[in-house]
>>> print(open('entry10.cif').read())   # mmCIF, C-alpha atoms
data_query
#
loop_
_atom_site.label_atom_id
_atom_site.label_comp_id
_atom_site.auth_asym_id
_atom_site.auth_seq_id
_atom_site.Cartn_x
_atom_site.Cartn_y
_atom_site.Cartn_z
CA MET V 6 -4.07 31.69 -0.45
CA ALA V 7 -2.90 29.08 -2.99
CA HIS V 8 -3.99 26.33 -0.55
CA GLY V 9 -7.43 27.93 -0.32
CA ILE V 10 -7.87 28.10 -4.10
CA PHE V 11 -6.71 24.50 -4.46
CA LEU V 12 -9.05 23.42 -1.65
CA PHE V 13 -12.01 25.24 -3.21
CA PHE V 14 -11.55 23.85 -6.72
CA THR V 15 -10.82 20.28 -5.62
CA THR V 16 -13.90 20.20 -3.39
CA PHE V 17 -16.00 21.96 -6.04
CA LEU V 18 -15.02 19.47 -8.75
CA ALA V 19 -15.39 16.39 -6.52
CA SER V 20 -18.83 17.57 -5.35
CA GLY V 21 -19.88 18.53 -8.87
CA VAL V 22 -19.06 15.18 -10.41
CA GLU V 23 -20.85 13.24 -7.64
CA ALA V 24 -23.81 15.63 -7.88
CA VAL V 25 -24.09 14.86 -11.61
CA GLU V 26 -24.42 11.14 -10.79
CA ALA V 27 -26.96 11.82 -8.03
CA LEU V 28 -28.93 14.09 -10.39
CA THR V 29 -29.25 11.25 -12.92
CA ILE V 30 -30.87 8.99 -10.29
CA VAL V 31 -33.16 11.73 -8.93
CA LEU V 32 -34.29 12.84 -12.41
CA ALA V 33 -35.05 9.29 -13.54
CA VAL V 34 -37.16 8.51 -10.48
CA GLY V 35 -38.84 11.93 -10.40
CA VAL V 36 -39.82 11.91 -14.09
CA VAL V 37 -41.31 8.39 -13.93
CA ARG V 38 -42.95 8.35 -10.48
CA GLY V 39 -43.53 11.98 -9.54
CA TRP V 40 -41.57 14.62 -7.69
CA ARG V 41 -43.02 14.95 -4.20
CA SER V 42 -41.64 11.80 -2.57
CA THR V 43 -38.46 12.01 -4.66
CA LEU V 44 -37.69 15.54 -3.51
CA ILE V 45 -38.47 14.67 0.11
CA GLY V 46 -35.92 11.84 -0.21
CA VAL V 47 -33.36 14.31 -1.61
CA GLY V 48 -34.06 16.76 1.20
CA VAL V 49 -33.74 14.18 3.98
CA ALA V 50 -30.48 12.85 2.50
CA GLY V 51 -29.14 16.42 2.25
CA LEU V 52 -30.10 16.98 5.87
CA VAL V 53 -28.29 13.80 6.99
CA LEU V 54 -25.16 14.82 5.04
CA GLY V 55 -25.31 18.30 6.59
CA VAL V 56 -25.54 16.81 10.09
CA VAL V 57 -22.51 14.55 9.37
CA VAL V 58 -20.46 17.63 8.33
CA ALA V 59 -21.70 19.65 11.33
CA VAL V 60 -20.79 16.86 13.78
CA LEU V 61 -17.59 15.50 12.22
CA GLY V 62 -16.05 18.88 11.35
CA PRO V 63 -15.86 20.34 14.89
CA ALA V 64 -15.03 16.87 16.30
CA LEU V 65 -11.94 16.66 14.08
CA ARG V 66 -10.71 20.01 15.47
CA LEU V 67 -10.25 18.32 18.85
CA ILE V 68 -7.60 15.99 17.41
CA PRO V 69 -3.96 17.26 17.57
CA ILE V 70 -2.89 18.63 14.17
CA GLY V 71 -0.12 16.02 13.64
CA THR V 72 -2.45 13.07 14.22
CA LEU V 73 -5.21 14.78 12.24
CA ARG V 74 -2.95 15.22 9.21
CA LEU V 75 -1.82 11.59 9.41
CA VAL V 76 -5.44 10.34 9.47
CA VAL V 77 -6.60 12.85 6.86
CA GLY V 78 -3.58 12.04 4.69
CA ALA V 79 -4.34 8.31 4.88
CA LEU V 80 -8.02 8.85 3.98
CA LEU V 81 -7.22 11.24 1.12
CA LEU V 82 -4.62 8.80 -0.21
CA VAL V 83 -7.09 5.89 -0.17
CA PHE V 84 -9.89 7.94 -1.79
CA GLY V 85 -7.53 9.72 -4.21
CA LEU V 86 -5.88 6.51 -5.38
CA GLN V 87 -9.29 4.89 -5.94
CA TRP V 88 -10.40 7.85 -8.11
CA LEU V 89 -7.06 7.91 -9.94
CA ARG V 90 -7.04 4.14 -10.52
CA LYS V 91 -10.55 4.22 -12.03
CA ALA V 92 -9.71 7.27 -14.16
CA ILE V 93 -6.56 5.59 -15.53
CA LEU V 94 -8.48 2.37 -16.30
CA ARG V 95 -11.19 4.41 -18.09
CA SER V 96 -8.69 6.58 -20.01
CA SER V 97 -6.77 3.51 -21.19
CA GLY V 98 -9.95 1.74 -22.31
CA TYR V 99 -9.91 -1.06 -19.72
CA LYS V 100 -13.06 0.24 -18.07
CA ALA V 101 -16.08 1.72 -19.84
CA LEU V 102 -16.65 5.45 -19.43
CA HIS V 103 -19.53 6.30 -17.13
CA ASP V 104 -22.57 6.79 -19.37
CA GLU V 105 -25.12 9.08 -17.72
CA ASN V 106 -27.72 8.41 -20.43
CA ALA V 107 -27.46 4.63 -19.95
CA ALA V 108 -27.63 5.02 -16.16
CA PHE V 109 -30.70 7.30 -16.61
CA ARG V 110 -32.46 4.72 -18.82
CA GLU V 111 -31.70 1.88 -16.37
CA GLU V 112 -33.04 3.90 -13.43
CA GLN V 113 -36.15 4.85 -15.41
CA GLU V 114 -36.87 1.22 -16.34
CA ALA V 115 -36.41 0.10 -12.73
CA ALA V 116 -38.65 2.94 -11.48
CA ALA V 117 -41.37 2.11 -14.02
CA SER V 118 -41.44 -1.60 -13.17
CA ALA V 119 -41.42 -1.21 -9.36
CA THR V 120 -44.79 -1.62 -7.65
CA ARG V 121 -46.31 1.45 -6.11
CA VAL V 122 -46.58 1.26 -2.33
CA GLU V 123 -48.12 4.43 -0.87
CA ARG V 124 -48.23 4.94 2.87
CA ALA V 125 -48.80 8.25 4.64
CA GLY V 126 -49.13 9.87 1.21
CA MET V 127 -45.61 8.91 0.23
CA ASP V 128 -44.33 6.76 -2.62
CA TRP V 129 -41.67 4.93 -0.63
CA TYR V 130 -39.87 3.59 -3.70
CA SER V 131 -39.18 7.13 -4.96
CA PHE V 132 -38.23 8.31 -1.49
CA THR V 133 -35.82 5.41 -0.86
CA ILE V 134 -34.09 5.52 -4.27
CA ALA V 135 -33.63 9.31 -4.13
CA PHE V 136 -32.51 9.19 -0.48
CA LYS V 137 -30.04 6.35 -1.09
CA GLY V 138 -28.70 7.87 -4.31
CA VAL V 139 -28.01 11.28 -2.78
CA LEU V 140 -26.67 9.84 0.49
CA LEU V 141 -24.25 7.39 -1.14
CA GLU V 142 -22.98 9.84 -3.79
CA GLY V 143 -22.74 12.55 -1.13
CA LEU V 144 -20.99 10.58 1.59
CA GLU V 145 -17.63 10.51 -0.17
CA VAL V 146 -17.93 14.24 -0.85
CA VAL V 147 -18.71 14.82 2.82
CA PHE V 148 -15.54 12.96 3.80
CA ILE V 149 -13.51 15.01 1.30
CA VAL V 150 -15.07 18.26 2.58
CA VAL V 151 -14.53 17.37 6.24
CA THR V 152 -11.00 15.99 5.93
CA PHE V 153 -9.77 18.62 3.48
CA GLY V 154 -11.41 21.44 5.41
CA ALA V 155 -10.31 20.27 8.84
CA ALA V 156 -6.67 19.68 7.84
CA GLN V 157 -6.42 23.28 6.62
CA GLY V 158 -8.70 24.75 9.28
CA ARG V 159 -11.05 25.90 6.48
CA LEU V 160 -14.14 23.77 6.84
CA PRO V 161 -16.57 26.61 5.90
CA LEU V 162 -14.67 27.23 2.63
CA ALA V 163 -14.73 23.51 1.74
CA ALA V 164 -18.43 23.27 2.61
CA ALA V 165 -19.19 26.41 0.55
CA ALA V 166 -17.40 24.90 -2.46
CA ALA V 167 -19.46 21.70 -2.15
CA VAL V 168 -22.75 23.59 -1.78
CA ALA V 169 -21.86 25.82 -4.77
CA ALA V 170 -21.16 22.76 -6.93
CA VAL V 171 -24.38 21.00 -5.92
CA LEU V 172 -26.42 24.17 -6.57
CA ALA V 173 -24.76 24.66 -9.98
CA VAL V 174 -25.53 21.06 -11.00
CA ALA V 175 -29.09 21.29 -9.63
CA ILE V 176 -29.78 24.55 -11.52
CA VAL V 177 -28.43 23.14 -14.80
CA GLY V 178 -30.38 19.92 -14.17
CA VAL V 179 -33.65 21.83 -13.66
CA LEU V 180 -33.00 23.89 -16.81
CA VAL V 181 -32.18 20.99 -19.13
CA ARG V 182 -34.33 18.31 -17.38
CA ALA V 183 -31.98 15.59 -18.62
CA PRO V 184 -28.88 13.80 -17.34
CA LEU V 185 -25.74 15.90 -17.79
CA GLU V 186 -24.04 13.59 -20.26
CA ARG V 187 -21.68 16.24 -21.64
CA VAL V 188 -19.87 16.81 -18.36
CA PRO V 189 -16.34 15.39 -18.88
CA GLU V 190 -16.67 13.15 -15.82
CA ASN V 191 -13.51 11.12 -16.32
CA THR V 192 -11.33 14.19 -16.85
CA ILE V 193 -12.75 15.74 -13.68
CA LYS V 194 -12.28 12.49 -11.75
CA PHE V 195 -8.69 12.36 -13.01
CA ALA V 196 -8.04 15.91 -11.77
CA VAL V 197 -9.71 15.26 -8.41
CA GLY V 198 -7.83 11.96 -8.00
CA LEU V 199 -4.53 13.75 -8.64
CA ALA V 200 -5.37 16.56 -6.19
CA LEU V 201 -6.57 14.22 -3.41
CA THR V 202 -3.54 11.94 -3.79
CA THR V 203 -1.18 14.94 -3.82
CA PHE V 204 -2.58 16.34 -0.57
CA GLY V 205 -2.76 12.84 0.87
CA ILE V 206 0.97 12.39 0.29
CA PHE V 207 1.77 15.87 1.62
CA TRP V 208 -0.33 15.76 4.80
CA GLY V 209 0.19 12.06 5.41
CA GLY V 210 3.94 12.68 5.19
CA GLU V 211 3.76 15.66 7.53
CA GLY V 212 1.66 13.69 10.00
CA ALA V 213 4.21 10.86 9.90
CA GLY V 214 7.02 13.31 10.75
CA VAL V 215 8.38 14.29 7.33
CA SER V 216 9.85 17.74 6.62
CA TRP V 217 9.16 18.38 2.94
CA PRO V 218 12.02 19.88 0.92
CA GLY V 219 10.83 23.31 -0.30
CA SER V 220 8.00 23.30 2.27
CA ASP V 221 4.62 24.04 0.57
CA LEU V 222 6.25 24.11 -2.87
CA ALA V 223 6.61 20.35 -2.53
CA ILE V 224 2.84 20.15 -3.25
CA LEU V 225 3.41 21.36 -6.82
CA ALA V 226 6.32 18.95 -7.29
CA ILE V 227 4.22 16.01 -6.04
CA LEU V 228 1.31 17.03 -8.29
CA ALA V 229 3.59 17.26 -11.34
CA PHE V 230 5.22 13.93 -10.49
CA LEU V 231 1.85 12.17 -10.14
CA ALA V 232 0.53 13.73 -13.35
CA VAL V 233 3.54 12.47 -15.31
CA VAL V 234 3.32 8.98 -13.75
CA SER V 235 -0.43 8.79 -14.51
CA PHE V 236 0.12 9.94 -18.09
CA VAL V 237 2.82 7.29 -18.60
CA LEU V 238 0.57 4.59 -17.06
CA VAL V 239 -2.35 5.52 -19.33
CA ARG V 240 -0.11 5.39 -22.43
CA GLN V 241 1.44 2.08 -21.38
CA LEU V 242 -1.92 0.41 -20.57
CA ARG V 243 -3.48 1.72 -23.79
CA ARG V 244 -0.56 0.28 -25.78
CA GLU V 245 -0.87 -3.09 -24.01
CA ARG V 246 -4.62 -3.23 -24.60
CA ILE V 247 -4.27 -2.45 -28.30
CA ALA V 248 -1.43 -4.97 -28.64
CA ALA V 249 -3.63 -7.65 -27.08
CA LEU V 250 -6.56 -7.03 -29.45
CA PRO V 251 -5.37 -8.97 -32.57
CA ALA V 252 -4.33 -11.93 -30.41
CA GLU V 253 -7.81 -12.00 -28.82
CA ALA V 254 -9.50 -11.65 -32.21
CA GLY V 255 -7.39 -14.45 -33.69
CA ALA V 256 -7.98 -16.82 -30.76
CA MET I 15 -26.57 -9.54 13.12
CA ARG I 16 -27.46 -9.14 9.44
CA HIS I 17 -27.56 -5.34 9.86
CA VAL I 18 -24.21 -5.27 11.66
CA ARG I 19 -22.67 -7.31 8.84
CA ALA I 20 -24.23 -5.03 6.20
CA PHE I 21 -22.99 -1.96 8.09
CA GLY I 22 -19.45 -3.41 8.25
CA ALA I 23 -19.57 -4.38 4.57
CA PHE I 24 -20.64 -0.85 3.63
CA TRP I 25 -17.70 0.77 5.47
CA TRP I 26 -15.25 -1.84 4.15
CA ASP I 27 -16.44 -1.07 0.61
CA PHE I 28 -16.40 2.68 1.29
CA ILE I 29 -12.84 2.82 2.69
CA VAL I 30 -11.13 -0.12 1.02
CA GLY I 31 -12.97 0.13 -2.31
CA ASP I 32 -12.37 -2.11 -5.32
CA ASP I 33 -8.88 -3.29 -4.38
CA TRP I 34 -7.62 -3.92 -0.85
CA VAL I 35 -4.03 -3.51 -2.14
CA VAL I 36 -4.56 0.27 -2.23
CA ALA I 37 -5.47 0.57 1.46
CA ALA I 38 -2.77 -1.92 2.49
CA GLY I 39 -0.13 -0.10 0.40
CA VAL I 40 -1.11 3.28 1.87
CA ALA I 41 -0.87 1.87 5.42
CA ALA I 42 2.53 0.30 4.68
CA GLY I 43 3.84 3.51 3.05
CA LEU I 44 2.74 5.68 5.97
CA GLY I 45 4.16 3.17 8.46
CA LEU I 46 7.56 3.09 6.76
CA THR I 47 7.58 6.90 6.50
CA ALA I 48 6.86 7.27 10.24
CA PHE I 49 9.46 4.60 11.10
CA LEU I 50 12.23 6.40 9.15
CA ALA I 51 11.21 9.92 10.17
CA ASN I 52 11.19 8.98 13.86
CA ARG I 53 14.84 7.85 13.46
CA ASP I 54 15.79 11.20 11.84
CA ILE I 55 16.24 9.58 8.44
CA ALA I 56 14.99 11.60 5.43
CA ALA I 57 11.70 9.92 4.49
CA TRP I 58 9.98 12.41 2.15
CA TRP I 59 10.61 10.15 -0.85
CA VAL I 60 8.82 7.09 0.60
CA LEU I 61 5.17 8.08 0.03
CA PRO I 62 5.52 9.26 -3.61
CA LEU I 63 7.28 6.00 -4.49
CA ALA I 64 4.81 3.92 -2.46
CA VAL I 65 1.92 5.57 -4.31
CA VAL I 66 3.47 4.72 -7.70
CA ALA I 67 4.08 1.12 -6.59
CA VAL I 68 0.50 0.78 -5.31
CA LEU I 69 -0.92 2.23 -8.53
CA VAL I 70 1.15 -0.07 -10.75
CA VAL I 71 0.31 -3.22 -8.74
CA SER I 72 -3.39 -2.35 -8.45
CA LEU I 73 -3.70 -1.50 -12.16
CA ARG I 74 -1.94 -4.75 -13.10
CA ARG I 75 -4.38 -6.71 -10.94
CA ALA I 76 -7.32 -4.90 -12.56
CA THR I 77 -6.16 -5.39 -16.16
CA ARG I 78 -5.38 -9.07 -15.64
CA SER I 79 -8.64 -9.96 -13.95
#
>>> encode(input="entry10.cif", output="structure tokens")
Amino acid sequence: MAHGIFLFFTTFLASGVEAVEALTIVLAVGVVRGWRSTLIGVGVAGLVLGVVVAVLGPALRLIPIGTLRLVVGALLLVFGLQWLRKAILRSSGYKALHDENAAFREEQEAAASATRVERAGMDWYSFTIAFKGVLLEGLEVVFIVVTFGAAQGRLPLAAAAAVAAVLAVAIVGVLVRAPLERVPENTIKFAVGLALTTFGIFWGGEGAGVSWPGSDLAILAILAFLAVVSFVLVRQLRRERIAALPAEAGA
Amino acid sequence: MRHVRAFGAFWWDFIVGDDWVVAAGVAAGLGLTAFLANRDIAAWWVLPLAVVAVLVVSLRRATRS
């Protein structure tokens, strides 16, 4: 039960935050160049992502559970650490926070300056940008859904969480017709990075032959350990950055 | 050939990401864990420590670049 709740919320948050970024691209292109080709691009990308889940999910069930957890653990660790690393760099001020409004303006300017090439009644610029945006933002989510879902034997639950998040973001996007700048993206990415890394350690360890002390309770201990380490790293990096400022200014 | 290279570059970027140290550290951590566990040596502590080491090294590389 606890695994299921954790699975649902991690997948929901990961999908939501990527959907916010995809929405920014789609809105910018749609507003400037029209909706028909843009929405067709979104639809085709969604279809491709759905096919990847439908093919990869059942295929992963054929792999023995030990090997599956080792592979899934490795993938979740690599993805989770990348999310966590970026979130720590952003929280400590070494990397700029993702600015949806700035991204929206950039996409709008690019869409306005691109030449219009219409073939078969389609604006191929709008189609390609929307298709690429949704596909690239969605691919990582698909991997999280498939690996998370397959390792727990709950692919439908993981997929439902992703679909719910995308629908929620799409509905809010249609209502406000603007990029969702108020979504605390870095906080969500921090939480998702912690969750993915935690499960990556747990399943990767199990797949490699580890017996965790306390069995499933070890998940909570790993999560707490990683949260403390990340907090300490953010504080330390922030202190170092601030300490370096006067020296840079004086140089 | 150009498409094959672009396809490979996409997957390298997708899996390895901004810093190859992360993927290499994860592989090394999992390898050491499997090595110890297969010899009946308690290995549950390896991955949490490996993750901290990878994070510290990768963050240092990012802040110094």
>>> interface_residues(input="entry10.cif", of="chain V", to="chain I", cutoff="7 Å", atoms="only C-alpha atoms", output="mmCIF file with C-alpha atoms, in the coordinates of the input")
data_model
loop_
_atom_site.group_PDB
_atom_site.id
_atom_site.type_symbol
_atom_site.label_atom_id
_atom_site.label_comp_id
_atom_site.auth_asym_id
_atom_site.auth_seq_id
_atom_site.Cartn_x
_atom_site.Cartn_y
_atom_site.Cartn_z
ATOM 1 C CA ALA V 79 -4.340 8.310 4.880
ATOM 2 C CA LEU V 82 -4.620 8.800 -0.210
ATOM 3 C CA VAL V 83 -7.090 5.890 -0.170
ATOM 4 C CA ARG V 90 -7.040 4.140 -10.520
ATOM 5 C CA TYR V 99 -9.910 -1.060 -19.720
ATOM 6 C CA ILE V 206 0.970 12.390 0.290
ATOM 7 C CA GLY V 209 0.190 12.060 5.410
ATOM 8 C CA GLY V 210 3.940 12.680 5.190
ATOM 9 C CA ALA V 213 4.210 10.860 9.900
ATOM 10 C CA GLY V 214 7.020 13.310 10.750
ATOM 11 C CA VAL V 215 8.380 14.290 7.330
ATOM 12 C CA SER V 216 9.850 17.740 6.620
ATOM 13 C CA TRP V 217 9.160 18.380 2.940
#
>>> resolve_selection(input="entry10.cif", expression="the PyMOL selection byres ((chain V and resi 108) around 12)", output="short mmCIF file (atom, residue, chain, number, x, y, z; two decimals) with C-alpha atoms, in the coordinates of the input")
data_model
loop_
_atom_site.label_atom_id
_atom_site.label_comp_id
_atom_site.auth_asym_id
_atom_site.auth_seq_id
_atom_site.Cartn_x
_atom_site.Cartn_y
_atom_site.Cartn_z
CA VAL V 25 -24.09 14.86 -11.61
CA GLU V 26 -24.42 11.14 -10.79
CA ALA V 27 -26.96 11.82 -8.03
CA LEU V 28 -28.93 14.09 -10.39
CA THR V 29 -29.25 11.25 -12.92
CA ILE V 30 -30.87 8.99 -10.29
CA VAL V 31 -33.16 11.73 -8.93
CA LEU V 32 -34.29 12.84 -12.41
CA ALA V 33 -35.05 9.29 -13.54
CA VAL V 34 -37.16 8.51 -10.48
CA LEU V 102 -16.65 5.45 -19.43
CA HIS V 103 -19.53 6.30 -17.13
CA ASP V 104 -22.57 6.79 -19.37
CA GLU V 105 -25.12 9.08 -17.72
CA ASN V 106 -27.72 8.41 -20.43
CA ALA V 107 -27.46 4.63 -19.95
CA PHE V 109 -30.70 7.30 -16.61
CA ARG V 110 -32.46 4.72 -18.82
CA GLU V 111 -31.70 1.88 -16.37
CA GLU V 112 -33.04 3.90 -13.43
CA GLN V 113 -36.15 4.85 -15.41
CA GLU V 114 -36.87 1.22 -16.34
CA ALA V 115 -36.41 0.10 -12.73
CA ALA V 183 -31.98 15.59 -18.62
CA PRO V 184 -28.88 13.80 -17.34
CA LEU V 185 -25.74 15.90 -17.79
CA GLU V 186 -24.04 13.59 -20.26
#
>>> closest_residue(input="entry10.cif", among="V:Ile224, V:Gly21, V:Glu145, V:Val168", to="V:Gly85", atoms="all atoms listed in the file")
V:Glu145
>>> resolve_selection(input="entry10.cif", expression="the PyMOL selection byres ((chain V and resi 162) around 10)", output="tab-separated table (two decimals) with C-alpha atoms, in the coordinates of the input")
chain	number	residue	atom	x	y	z
V	9	GLY	CA	-7.43	27.93	-0.32
V	10	ILE	CA	-7.87	28.10	-4.10
V	12	LEU	CA	-9.05	23.42	-1.65
V	13	PHE	CA	-12.01	25.24	-3.21
V	16	THR	CA	-13.90	20.20	-3.39
V	150	VAL	CA	-15.07	18.26	2.58
V	153	PHE	CA	-9.77	18.62	3.48
V	154	GLY	CA	-11.41	21.44	5.41
V	157	GLN	CA	-6.42	23.28	6.62
V	158	GLY	CA	-8.70	24.75	9.28
V	159	ARG	CA	-11.05	25.90	6.48
V	160	LEU	CA	-14.14	23.77	6.84
V	161	PRO	CA	-16.57	26.61	5.90
V	163	ALA	CA	-14.73	23.51	1.74
V	164	ALA	CA	-18.43	23.27	2.61
V	165	ALA	CA	-19.19	26.41	0.55
V	166	ALA	CA	-17.40	24.90	-2.46
V	167	ALA	CA	-19.46	21.70	-2.15
V	168	VAL	CA	-22.75	23.59	-1.78
>>> closest_residue(input="entry10.cif", among="V:Leu225, V:Leu73, V:Val37, V:Ala155", to="V:Phe11", atoms="all atoms listed in the file")
V:Leu225
>>> closest_residue(input="entry10.cif", among="V:Ser96, V:Gln87, V:Thr72, V:Thr43", to="V:Val197", atoms="all atoms listed in the file")
V:Gln87
>>> atom_distance(input="entry10.cif", atom1="atom CA of V:Phe136", atom2="atom CA of V:Leu54")
10.8 Å
>>> atom_distance(input="entry10.cif", atom1="atom CA of V:Phe84", atom2="atom CA of V:Gly51")
21.4 Å
>>> atom_distance(input="entry10.cif", atom1="atom CA of V:Phe204", atom2="atom CA of V:Leu80")
10.3 Å
>>> resolve_selection(input="entry10.cif", expression="the PyMOL selection byres ((chain V and resi 121-130) around 10)", output="list in words")
Val34, Arg38, Gly39, Trp40, Arg41, Ser42, Thr43, Ile45, Gly46, Ala116, Ala117, Ser118, Ala119, Thr120, Ser131, Phe132, Thr133, Ile134, Ala135 and Phe136 of chain V
>>> axis_aligned_box(input="entry10.cif", around="stretch 51-70 of chain I", padding_each_side="6 Å", output="AutoDock Vina command-line options")
--center_x 7.7 --center_y 6.2 --center_z 1.6 --size_x 29.2 --size_y 24.5 --size_z 36.6
>>> build_atoms(input="entry10.cif", residues="stretch 54-67 of chain V", atoms="N, CA and C atoms", output="mmCIF file, keeping the file's coordinate frame")
data_model
loop_
_atom_site.group_PDB
_atom_site.id
_atom_site.type_symbol
_atom_site.label_atom_id
_atom_site.label_comp_id
_atom_site.auth_asym_id
_atom_site.auth_seq_id
_atom_site.Cartn_x
_atom_site.Cartn_y
_atom_site.Cartn_z
ATOM 1 N N LEU V 54 -26.538 14.471 5.418
ATOM 2 C CA LEU V 54 -25.160 14.820 5.040
ATOM 3 C C LEU V 54 -24.705 16.088 5.769
ATOM 4 N N GLY V 55 -25.628 17.060 5.882
ATOM 5 C CA GLY V 55 -25.310 18.300 6.590
ATOM 6 C C GLY V 55 -24.996 18.043 8.058
ATOM 7 N N VAL V 56 -25.771 17.146 8.674
ATOM 8 C CA VAL V 56 -25.540 16.810 10.090
ATOM 9 C C VAL V 56 -24.165 16.130 10.244
ATOM 10 N N VAL V 57 -23.815 15.236 9.297
ATOM 11 C CA VAL V 57 -22.510 14.550 9.370
ATOM 12 C C VAL V 57 -21.381 15.590 9.323
ATOM 13 N N VAL V 58 -21.492 16.578 8.419
ATOM 14 C CA VAL V 58 -20.460 17.630 8.330
ATOM 15 C C VAL V 58 -20.421 18.433 9.626
ATOM 16 N N ALA V 59 -21.618 18.811 10.121
ATOM 17 C CA ALA V 59 -21.700 19.650 11.330
ATOM 18 C C ALA V 59 -21.132 18.937 12.555
ATOM 19 N N VAL V 60 -21.281 17.608 12.611
ATOM 20 C CA VAL V 60 -20.790 16.860 13.780
ATOM 21 C C VAL V 60 -19.314 16.503 13.620
ATOM 22 N N LEU V 61 -18.965 15.965 12.430
ATOM 23 C CA LEU V 61 -17.590 15.500 12.220
ATOM 24 C C LEU V 61 -16.575 16.644 12.167
ATOM 25 N N GLY V 62 -16.977 17.751 11.524
ATOM 26 C CA GLY V 62 -16.050 18.880 11.350
ATOM 27 C C GLY V 62 -15.492 19.387 12.670
ATOM 28 N N PRO V 63 -16.363 19.861 13.585
ATOM 29 C CA PRO V 63 -15.860 20.340 14.890
ATOM 30 C C PRO V 63 -15.167 19.233 15.687
ATOM 31 N N ALA V 64 -15.642 17.971 15.544
ATOM 32 C CA ALA V 64 -15.030 16.870 16.300
ATOM 33 C C ALA V 64 -13.568 16.682 15.871
ATOM 34 N N LEU V 65 -13.314 16.847 14.572
ATOM 35 C CA LEU V 65 -11.940 16.660 14.080
ATOM 36 C C LEU V 65 -10.989 17.725 14.620
ATOM 37 N N ARG V 66 -11.562 18.919 14.951
ATOM 38 C CA ARG V 66 -10.710 20.010 15.470
ATOM 39 C C ARG V 66 -10.125 19.665 16.838
ATOM 40 N N LEU V 67 -10.743 18.703 17.519
ATOM 41 C CA LEU V 67 -10.250 18.320 18.850
ATOM 42 C C LEU V 67 -9.001 17.438 18.761
#
